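**Student:** First, the structure itself, so that you have it in front of you.
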Amino acid sequence: MATHDPDLRKELDATLQTRKDLGAEYESELVESFLEKLDRTVERRVRRQLAEQQMQVARGARPQPREGGATDFWERFGVAALSLALAIPLSAIAAGNAGLPGLLVCWAGIIGVNAVHSLSLRSLLRTRTERRGEDWE
C-alpha cells in the first residue's frame, strides 16, 4: 500500500485473520467486504480533495491543473505563440525608432518575459509536486 492508513491496515489484518479462522469457503465474502471498505475510504479521500479544491476556488485561487497535463502544455504554447506574434511588430517599431539598440532592448524584453514565465511555471510545478509528496507520507 502506498499510503499508511492504520484503520485500513487493521481491517486487512482482521480480514486475513478471519479468513484463517473460517476457511476458504468464506473467502469471497471476506474479500468483497474488505473491498467495500477500501472503496468507501477512497471515496472519502476523493470527496475531501474535491472539497479542498472547491474551497480554494471559493477563496479566489485558480484551480490547479495536473502536473505535466495538457493545460501546462497549452499555457506554455500560448505564451510562446503570443511572444512570437508580438515580436514581429515590436521589432519593427523598435528598429525603426531606435535602430539596433532598440531592437536589442525589445528582444531582451521578449526573452525576459518568456524566461520569467518559464521559471514561474517550473516553480509552480515544483511546489505542487512537493505538496503532493506530503499526501503520501
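Residue numbering restarts at 1 for every chain of the C-alpha cells, chains are lettered A, B, ... in their displayed order, and ligands are numbered from 1 as they appear.
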Write out as a PyMOL selection string each polymer residue whose atoms come within 9 Å of range 31-37 of chain A, counting only C-alpha atoms; drop sequence neighbours fewer than 5 positions from it.
**Tutor:** chain A and resi 8+11-12+15+26+42
**Student:** Just the residues within 9 Å of Ile110 in chain A, please, counting only C-alpha atoms, with nothing from its chain fewer than 4 positions along; format it as an MDAnalysis selection string.
**Tutor:** chainID A and resid 83:84 86:87 105:106 114:115
